[in-house]
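What follows is a set of notes on a single structure, which appears directly below.
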Amino acid sequence: MKSNLFRARTDLLNKFGPLLALMLVYSFFAILNSKIITLTAVETIIQQSVIVGISAIGMTLVIILGGIDLSAGSIIAFSSVIVAFFMKSLGCDPILAALVGIAAGSMCGLFNGIIITRLKLVPFIVTLGSLLIVRGIAKGFAHSMPINVGQTWLSNLLAALPPDRRWQLIPPGAWLMIFLALLVAGMLKYTRIGLHIFAIGSNKLTARLCGVGVEKVTIVVYTLSAAFSGLAGLMLMSYQEQGDPTGAIGMELDVIAAVVIGGGSLSGGEGSVIGSLIGAVIMTIIRTGCQLNGWPAWVTQVVTGVVIITAVAVDRLRHRKVA
Amino acid sequence: MVTNGIAKTDSQSPLFEMRGICKRFGATIALKDVDFSLNRGEVHALVGENGAGKSTLMKILSGAYQADSGEMFLEGMPYKPNNPLEARLKGIGMIYQELSLAPHLTVEENISLGMEPTRWGFILKNRVRKFALNAISNFDHPEIKPDTPVRTLSISAQQLVEIGRSLASGCRVLVFDEPTSSLGQHDITRLFEIIKDLRAKGYSIVYISHFLEEVKKVADRITVLRDGAVVSTIQMRAASTEKIIRMMVGRKVKEMYPRSDRRAGEKIVEIKNLSGTSKVLSATLDLYRGQVVGIAGLVGSGRTELLRTIFGLDSVKQGRIKIGIYTGPASPVRRWMQGVGMLSENRKDEGLALNLSISDNVTLTMLKGFGPMGLILPRRRDDATQRWITELDIHCENPSQPVQYLSGGNQQKVALARLLQHDVDILLLDEPTKGIDVAAKAKIYQIIDSLTSSEKGGRLPKAVLMVSSYLPELIGMCDRIAVMYRGRLGPALPVDKIDQHTLMMYATARGEVI
């Protein structure tokens, strides 16, 4: 009885741990500066979390699988360049350009997945390589200069809402992120591939023994992850109204941090999409909060670092209790 | 996905057969010309000392290894699995010593893994539940509920989940590899009931163990392996424990184990009421120069942990360790400085840095004296190493060859050479001859003996504390032997007061003997 109660409580903590952290961080900054509790501030925070957040949805899958995708930042820049290139140089319809951009991003993931499974290389090395390859290609494509596209309806994806559309609460891009997160969370929970992702991350040998298509699932997951990064690239493009081959440098680390704060374990088998989104939001809150207080950028970095380590330390403690 | 039950047409011929199986790893011959057969509804025990080839044989059966030569037949058809999945699909399931479940998934997810009932990719939770309940209905265990994450279950419950998974996937042949090594008495009784029940339902079972009392309880037939070859296959009814032990031990004990004149000297280790944070509950033991003390006991009884606690790898909870003039717990670094060296049972992961050279491994703990001003001159290291290569007869190309290319026996000699190079006074040896060939074993025995011998002019003899699962080795090498049982270490008795049988009784005694 007692142990059931205990287990129920830790379960609760497992589920709502990241949310609790979110509230803690938010209240901390709210106490320091009440500007952060205005509706506009909240909207900005969510808007600013979208790019990392969308990429983190895909990264969550990779991390549950027990892998890692270091090429996420490069893919974001690459697809933003592709979208801009198709709109500007080829005069494509924004919709078509957007789809091509996401597809181009996905191809990078397909490449990662195939190399990892066929050559049996460690994901860290493969994606470290493709981090450089994809970044290089993006620069080559854009001649190392940003491609400006100017304002199109794509720009509305992440722009702050004008007064007449206030009722939408947050920009369409943010709604898209939430919708996709719920979709992927459902996939993880209710579909065969979702379960297989967890199984592979938890014990790859067993998964193989039980007839799980480890290679196939791995390729699918890396492709999906890159597709999400591609979509994040589209968001970046829409936000900056340009495709910048030098944009999003190092963003993969933000994305990984978001997943880890959200309960993902780098040894695989654990992670939650919703948690990762919360992780992304926590990091934005820290950045916004520090800015509102007029703290210099270096403080933001230190605080973010501390939060990441704390989050993982708390996570380990939590697990020791369950075991 | 699910293979059908075995056709009942021909009940005379064996369900499964192996003929003339041979397997070698590098220079080591693991199996030579092994025949093995399994009838329908039979429990066939496979026994033998460590390294006799039981696990290798079963890995060939389950597709993890491929035989170098020989044939296998399942229901009269040739059978040659390339991997464990293929074996499983053909109806052969392994219950591994190290359980192979996905710890993050629930019981029902584990059981249905790879064959989840789905519609359009969505898992049909109700069907999964029924599927799992059906599989676990074979046994009644309070912990096992379909939606419990497997990592929260006890080992015995996890084992049952694994059995359930094999049954659910349609396996008709189950291979149990040392299934009781980490179970308590109650769980063992339950497991035996389940095995009997499965046999009655027509499943065929291979039961690997070196606990003869257990084997006698469950098996119909027994095959004894020794040094990679079948000694004999007999009906359990016709086999007495003495007879089986004689078949298992076989070789002449005296020739294998040298024993020069040893004289117990100064007491250099004193352990009093020691308990550690893992497994060790109480241990009291003295070590003297010029003596080999053995620790017998089952795998999982806390023997390894005792050595680790003494050496500072596991923390001390209570009690006292006095080494020479030093008292109190210490880190491994300190222990090395105090003249204590430990040989890990886990050669591959802990004992050696496999991709480093022989020199690197041998001189790792003691880098002094290889050059002026703290410099380390590779030449001098290699010279020092070369001495041990010659002395221990390590087969290798040169001192800078990476250890991973050596055979198990030679790797073990390298690991031992590290203690010798460091010139420690107290050697803690955990399974020093695990998984190595007979010649290497003999060499290691010879070294242990010469270290403790009083015939060596000038040098003080060393003290050796040695853990082993191989009883003839303990009896052959040790001056005193203590038995570890569930974390408690018994008194170290002089070796002439005990024999193999008594030791086995002590170690496997599931009662109040100790």
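Each chain in the structure tokens gets a letter, A, B and so on, in the order shown; residues start at 1 in every chain, and ligands are counted from 1 in the order they appear.
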
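In chain B, the set of residues within 6 Å of chain A (atoms considered: only C-alpha atoms) is Pro84, Leu85, Ser100, Ala102, His104, Gly114, Gly121, Phe122 and Ile123 of chain B.
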
Export of prior selection with N, CA and C atoms as a short mmCIF file (atom, residue, chain, number, x, y, z; two decimals), in the first residue's frame:
```cif
data_model
loop_
_atom_site.label_atom_id
_atom_site.label_comp_id
_atom_site.auth_asym_id
_atom_site.auth_seq_id
_atom_site.Cartn_x
_atom_site.Cartn_y
_atom_site.Cartn_z
N PRO B 84 19.81 -15.01 -33.34
CA PRO B 84 18.83 -15.41 -32.34
C PRO B 84 17.38 -15.25 -32.81
N LEU B 85 17.12 -14.25 -33.63
CA LEU B 85 15.75 -14.04 -34.08
C LEU B 85 15.29 -15.24 -34.90
N SER B 100 17.21 -10.46 -20.80
CA SER B 100 17.18 -9.55 -21.93
C SER B 100 15.78 -9.00 -22.14
N ALA B 102 13.43 -5.22 -22.21
CA ALA B 102 13.57 -3.77 -22.35
C ALA B 102 13.10 -3.15 -21.04
N HIS B 104 12.58 -0.28 -19.82
CA HIS B 104 11.66 0.86 -19.75
C HIS B 104 10.24 0.50 -20.14
N GLY B 114 7.48 -6.92 -30.86
CA GLY B 114 7.78 -7.52 -32.16
C GLY B 114 6.59 -8.23 -32.76
N GLY B 121 -1.28 0.33 -37.89
CA GLY B 121 -0.14 0.81 -37.13
C GLY B 121 -0.46 1.17 -35.69
N PHE B 122 -1.74 1.27 -35.35
CA PHE B 122 -2.10 1.57 -33.97
C PHE B 122 -2.15 0.28 -33.17
N ILE B 123 -1.61 0.35 -31.95
CA ILE B 123 -1.60 -0.85 -31.13
C ILE B 123 -2.97 -1.07 -30.52
#
```

Under the rule of at most 12 Å, produce a per-residue listing of stretch 352-468 of chain B near stretch 303-315 of chain B: chain, number, name, the closest pair of atoms, and the distance in Å, as a tab-separated table, using only C-alpha atoms.
```
residue	atom	partner	partner_atom	distance
B:Ile426	CA	B:Phe311	CA	10.5
B:Leu427	CA	B:Leu307	CA	10.2
B:Leu428	CA	B:Leu307	CA	6.6
B:Leu429	CA	B:Leu307	CA	8.1
B:Asp430	CA	B:Thr304	CA	6.6
B:Glu431	CA	B:Thr304	CA	8.9
B:Pro432	CA	B:Thr304	CA	11.8
B:Val464	CA	B:Leu307	CA	11.6
B:Leu465	CA	B:Leu307	CA	8.5
B:Met466	CA	B:Leu307	CA	8.9
B:Val467	CA	B:Arg303	CA	6.6
B:Ser468	CA	B:Arg303	CA	8.7
```

Inset, instruction - Identify all residues of stretch 275-485 of chain B in strand (DSSP E) (DSSP on the backbone) and supply them as a count of residues only. - result: 45

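Near stretch 222-228 of chain A, within 7 Å and counting only C-alpha atoms, sit Ile54, Ser55, Ile57, Gly58, Met59, Val62, Ala72, Ile75, Ile102, Ala103, Gly105, Ser106, Met107, Cys108, Gly109, Leu110, Asn112 and Gly113 of chain A, not including residues fewer than 5 positions from it in the same chain.
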
Legend entry - Residues near B:Asp227, cut-off 8 Å, only C-alpha atoms, skip fewer than 5 positions along chain, as JSON, numbers by chain: {"B": [30, 31, 51, 52, 53]}

How would the residues just picked look written out with N, CA and C atoms as a compact mmCIF listing (two decimals), in the first residue's frame?
```txt
# COMPACT_ATOMS: atom_id res chain seq x y z
N ALA B 30 36.65 -24.61 -27.94
CA ALA B 30 35.56 -24.51 -26.98
C ALA B 30 34.71 -25.77 -26.99
N LEU B 31 34.49 -26.34 -28.17
CA LEU B 31 33.67 -27.55 -28.27
C LEU B 31 34.33 -28.49 -29.26
N GLY B 51 33.46 -23.06 -18.10
CA GLY B 51 34.39 -23.19 -19.21
C GLY B 51 34.35 -24.56 -19.87
N ALA B 52 33.41 -25.40 -19.44
CA ALA B 52 33.31 -26.73 -20.06
C ALA B 52 32.67 -26.65 -21.43
N GLY B 53 31.99 -25.54 -21.71
CA GLY B 53 31.42 -25.36 -23.04
C GLY B 53 29.90 -25.35 -23.08
```

Determine which residues of stretch 137-242 of chain A receive a DSSP assignment of helix (DSSP H, G or I), computed from the backbone, and state them as a compact mmCIF listing (two decimals) with C-alpha atoms, in the first residue's frame.
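Generated output (part_25.txt):
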```
# COMPACT_ATOMS: atom_id res chain seq x y z
CA ILE A 137 26.22 22.66 -48.77
CA ALA A 138 23.93 25.38 -47.41
CA LYS A 139 26.74 27.91 -47.70
CA GLY A 140 27.61 26.75 -51.19
CA PHE A 141 23.99 27.05 -52.22
CA ALA A 142 23.67 30.60 -50.97
CA TRP A 153 2.32 35.34 -46.26
CA LEU A 154 4.89 32.88 -44.90
CA SER A 155 6.11 35.72 -42.71
CA ASN A 156 2.87 35.46 -40.74
CA LEU A 157 3.84 32.05 -39.42
CA PRO A 163 -4.58 43.43 -33.06
CA ASP A 164 -7.34 42.07 -35.33
CA ARG A 165 -6.13 38.50 -34.86
CA ARG A 166 -5.49 38.76 -31.14
CA TRP A 167 -8.10 36.06 -30.53
CA GLN A 168 -5.72 33.48 -31.93
CA PRO A 172 0.05 30.02 -36.38
CA GLY A 173 3.54 28.55 -36.25
CA ALA A 174 3.18 28.03 -32.50
CA TRP A 175 -0.19 26.33 -32.97
CA LEU A 176 1.41 24.09 -35.56
CA MET A 177 4.14 23.16 -33.07
CA ILE A 178 1.59 22.25 -30.41
CA PHE A 179 -0.48 20.24 -32.87
CA LEU A 180 2.54 18.31 -34.12
CA ALA A 181 3.75 17.67 -30.60
CA LEU A 182 0.42 16.14 -29.65
CA LEU A 183 0.43 14.09 -32.84
CA VAL A 184 3.90 12.71 -32.20
CA ALA A 185 3.16 12.12 -28.52
CA GLY A 186 0.16 10.08 -29.63
CA MET A 187 2.30 8.21 -32.10
CA LEU A 188 4.78 7.31 -29.38
CA LYS A 189 2.06 6.08 -27.11
CA TYR A 190 -0.41 4.33 -29.36
CA ARG A 192 3.65 0.14 -33.06
CA ILE A 193 6.49 2.28 -34.32
CA GLY A 194 6.27 4.41 -31.20
CA LEU A 195 6.65 1.40 -28.97
CA HIS A 196 9.45 0.07 -31.10
CA ILE A 197 11.34 3.34 -30.72
CA PHE A 198 11.18 2.93 -26.95
CA ALA A 199 12.10 -0.73 -27.18
CA ILE A 200 15.19 -0.08 -29.29
CA GLY A 201 16.35 2.70 -26.95
CA SER A 202 15.73 0.53 -23.93
CA LYS A 204 18.49 -2.83 -28.79
CA LEU A 205 19.55 -6.48 -28.67
CA THR A 206 16.23 -7.55 -27.22
CA ALA A 207 14.34 -5.52 -29.77
CA ARG A 208 16.23 -7.27 -32.54
CA LEU A 209 15.67 -10.65 -30.91
CA VAL A 214 15.78 -1.96 -35.79
CA GLU A 215 17.39 -0.62 -38.96
CA LYS A 216 14.12 0.44 -40.54
CA VAL A 217 12.91 2.22 -37.42
CA THR A 218 16.28 3.95 -37.04
CA ILE A 219 16.16 5.29 -40.58
CA VAL A 220 12.59 6.46 -40.14
CA VAL A 221 13.41 8.22 -36.89
CA TYR A 222 16.43 10.11 -38.25
CA THR A 223 14.42 11.11 -41.32
CA LEU A 224 11.54 12.31 -39.15
CA SER A 225 13.93 14.22 -36.92
CA ALA A 226 15.41 15.98 -39.93
CA ALA A 227 11.94 16.70 -41.29
CA PHE A 228 11.12 18.49 -38.06
CA SER A 229 14.38 20.40 -38.28
CA GLY A 230 13.42 21.25 -41.86
CA LEU A 231 10.13 22.64 -40.61
CA ALA A 232 12.03 24.57 -37.95
CA GLY A 233 14.17 25.96 -40.77
CA LEU A 234 11.03 27.12 -42.53
CA MET A 235 10.00 28.90 -39.33
CA LEU A 236 13.42 30.52 -39.08
CA MET A 237 13.12 31.68 -42.68
CA SER A 238 9.67 33.08 -42.09
CA TYR A 239 10.78 34.87 -38.93
CA GLN A 240 13.87 36.46 -40.45
```

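Closest to B:Asp197 among B:Asn138, B:Gln404, B:Thr148, B:Gln159 is B:Asn138, based on only C-alpha atoms.
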
With only C-alpha atoms as the counted atoms, please give the residues lying no more than 12 Å from A:Leu131, apart from itself and same-chain residues fewer than 3 positions off, as a PDB file with C-alpha atoms, in the first residue's frame.
```
ATOM      1  CA  ILE A  68      21.651  11.766 -31.119  1.00  0.00           C
ATOM      2  CA  ASP A  69      21.341  14.184 -34.031  1.00  0.00           C
ATOM      3  CA  LEU A  70      24.040  16.840 -34.041  1.00  0.00           C
ATOM      4  CA  SER A  71      23.146  17.952 -37.548  1.00  0.00           C
ATOM      5  CA  ALA A  72      19.854  19.567 -36.448  1.00  0.00           C
ATOM      6  CA  GLY A  73      21.193  23.141 -36.463  1.00  0.00           C
ATOM      7  CA  SER A  74      22.754  22.738 -39.888  1.00  0.00           C
ATOM      8  CA  ILE A  75      19.584  21.214 -41.285  1.00  0.00           C
ATOM      9  CA  ILE A  76      17.584  24.163 -39.949  1.00  0.00           C
ATOM     10  CA  ALA A  77      19.882  26.592 -41.782  1.00  0.00           C
ATOM     11  CA  PHE A  78      19.984  24.403 -44.882  1.00  0.00           C
ATOM     12  CA  CYS A 108      19.696  14.884 -44.735  1.00  0.00           C
ATOM     13  CA  GLY A 109      18.074  12.720 -42.078  1.00  0.00           C
ATOM     14  CA  PHE A 111      21.313  10.143 -45.227  1.00  0.00           C
ATOM     15  CA  ASN A 112      22.121  10.056 -41.497  1.00  0.00           C
ATOM     16  CA  PRO A 123      25.213   8.358 -34.497  1.00  0.00           C
ATOM     17  CA  PHE A 124      27.415  10.920 -32.755  1.00  0.00           C
ATOM     18  CA  ILE A 125      30.118  10.614 -35.417  1.00  0.00           C
ATOM     19  CA  VAL A 126      27.780  10.376 -38.379  1.00  0.00           C
ATOM     20  CA  THR A 127      25.746  13.405 -37.406  1.00  0.00           C
ATOM     21  CA  LEU A 128      28.879  15.311 -36.442  1.00  0.00           C
ATOM     22  CA  VAL A 134      25.004  20.064 -44.560  1.00  0.00           C
ATOM     23  CA  ARG A 135      26.278  23.403 -43.321  1.00  0.00           C
ATOM     24  CA  GLY A 136      28.792  23.465 -46.147  1.00  0.00           C
ATOM     25  CA  ILE A 137      26.216  22.659 -48.769  1.00  0.00           C
ATOM     26  CA  ALA A 138      23.927  25.377 -47.409  1.00  0.00           C
ATOM     27  CA  ALA A 226      15.408  15.978 -39.934  1.00  0.00           C
ATOM     28  CA  ALA A 248      21.137  28.500 -36.263  1.00  0.00           C
ATOM     29  CA  ILE A 249      24.775  27.720 -35.561  1.00  0.00           C
ATOM     30  CA  GLY A 250      24.976  25.585 -32.434  1.00  0.00           C
ATOM     31  CA  MET A 251      21.211  25.371 -32.207  1.00  0.00           C
ATOM     32  CA  GLU A 252      21.393  21.566 -32.042  1.00  0.00           C
ATOM     33  CA  LEU A 253      22.736  21.992 -28.527  1.00  0.00           C
TER      34      LEU A 253
END
```

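For the atom pair formed by atom CA of A:Pro146 and atom CA of A:Ala84, the distance is 8.9 Å, given to one decimal.
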
Inset, instruction - Extract, using only C-alpha atoms, all DNA, RNA and protein residues at most 10 Å from A:Phe85, discarding same-chain residues fewer than 6 positions from it, and format them as a PyMOL selection string. - result: chain A and resi 79+91-92+97+101+141-142+146-149+242-243

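When only C-alpha atoms are used to compute distances to B:Val34, the closest of the residues B:Leu225, B:Ile111, B:Arg199, B:Asp187 turns out to be B:Leu225.
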
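Residues in contact with A:Ala311 at up to 10 Å, not including ones fewer than 5 positions away on its chain and judged by only C-alpha atoms, are A:Gly17, A:Pro18, A:Ala21, A:Ala257, A:Val260, A:Ile261, A:Gly262, A:Gly263, A:Gly279, A:Gly305, A:Val306, A:Arg316.
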
Inset, instruction - Kindly indicate which residue among B:Met72, B:Gly302, B:Ile323, B:Val231 lies nearest to B:Ile271, using only C-alpha atoms for the distances. - result: B:Ile323
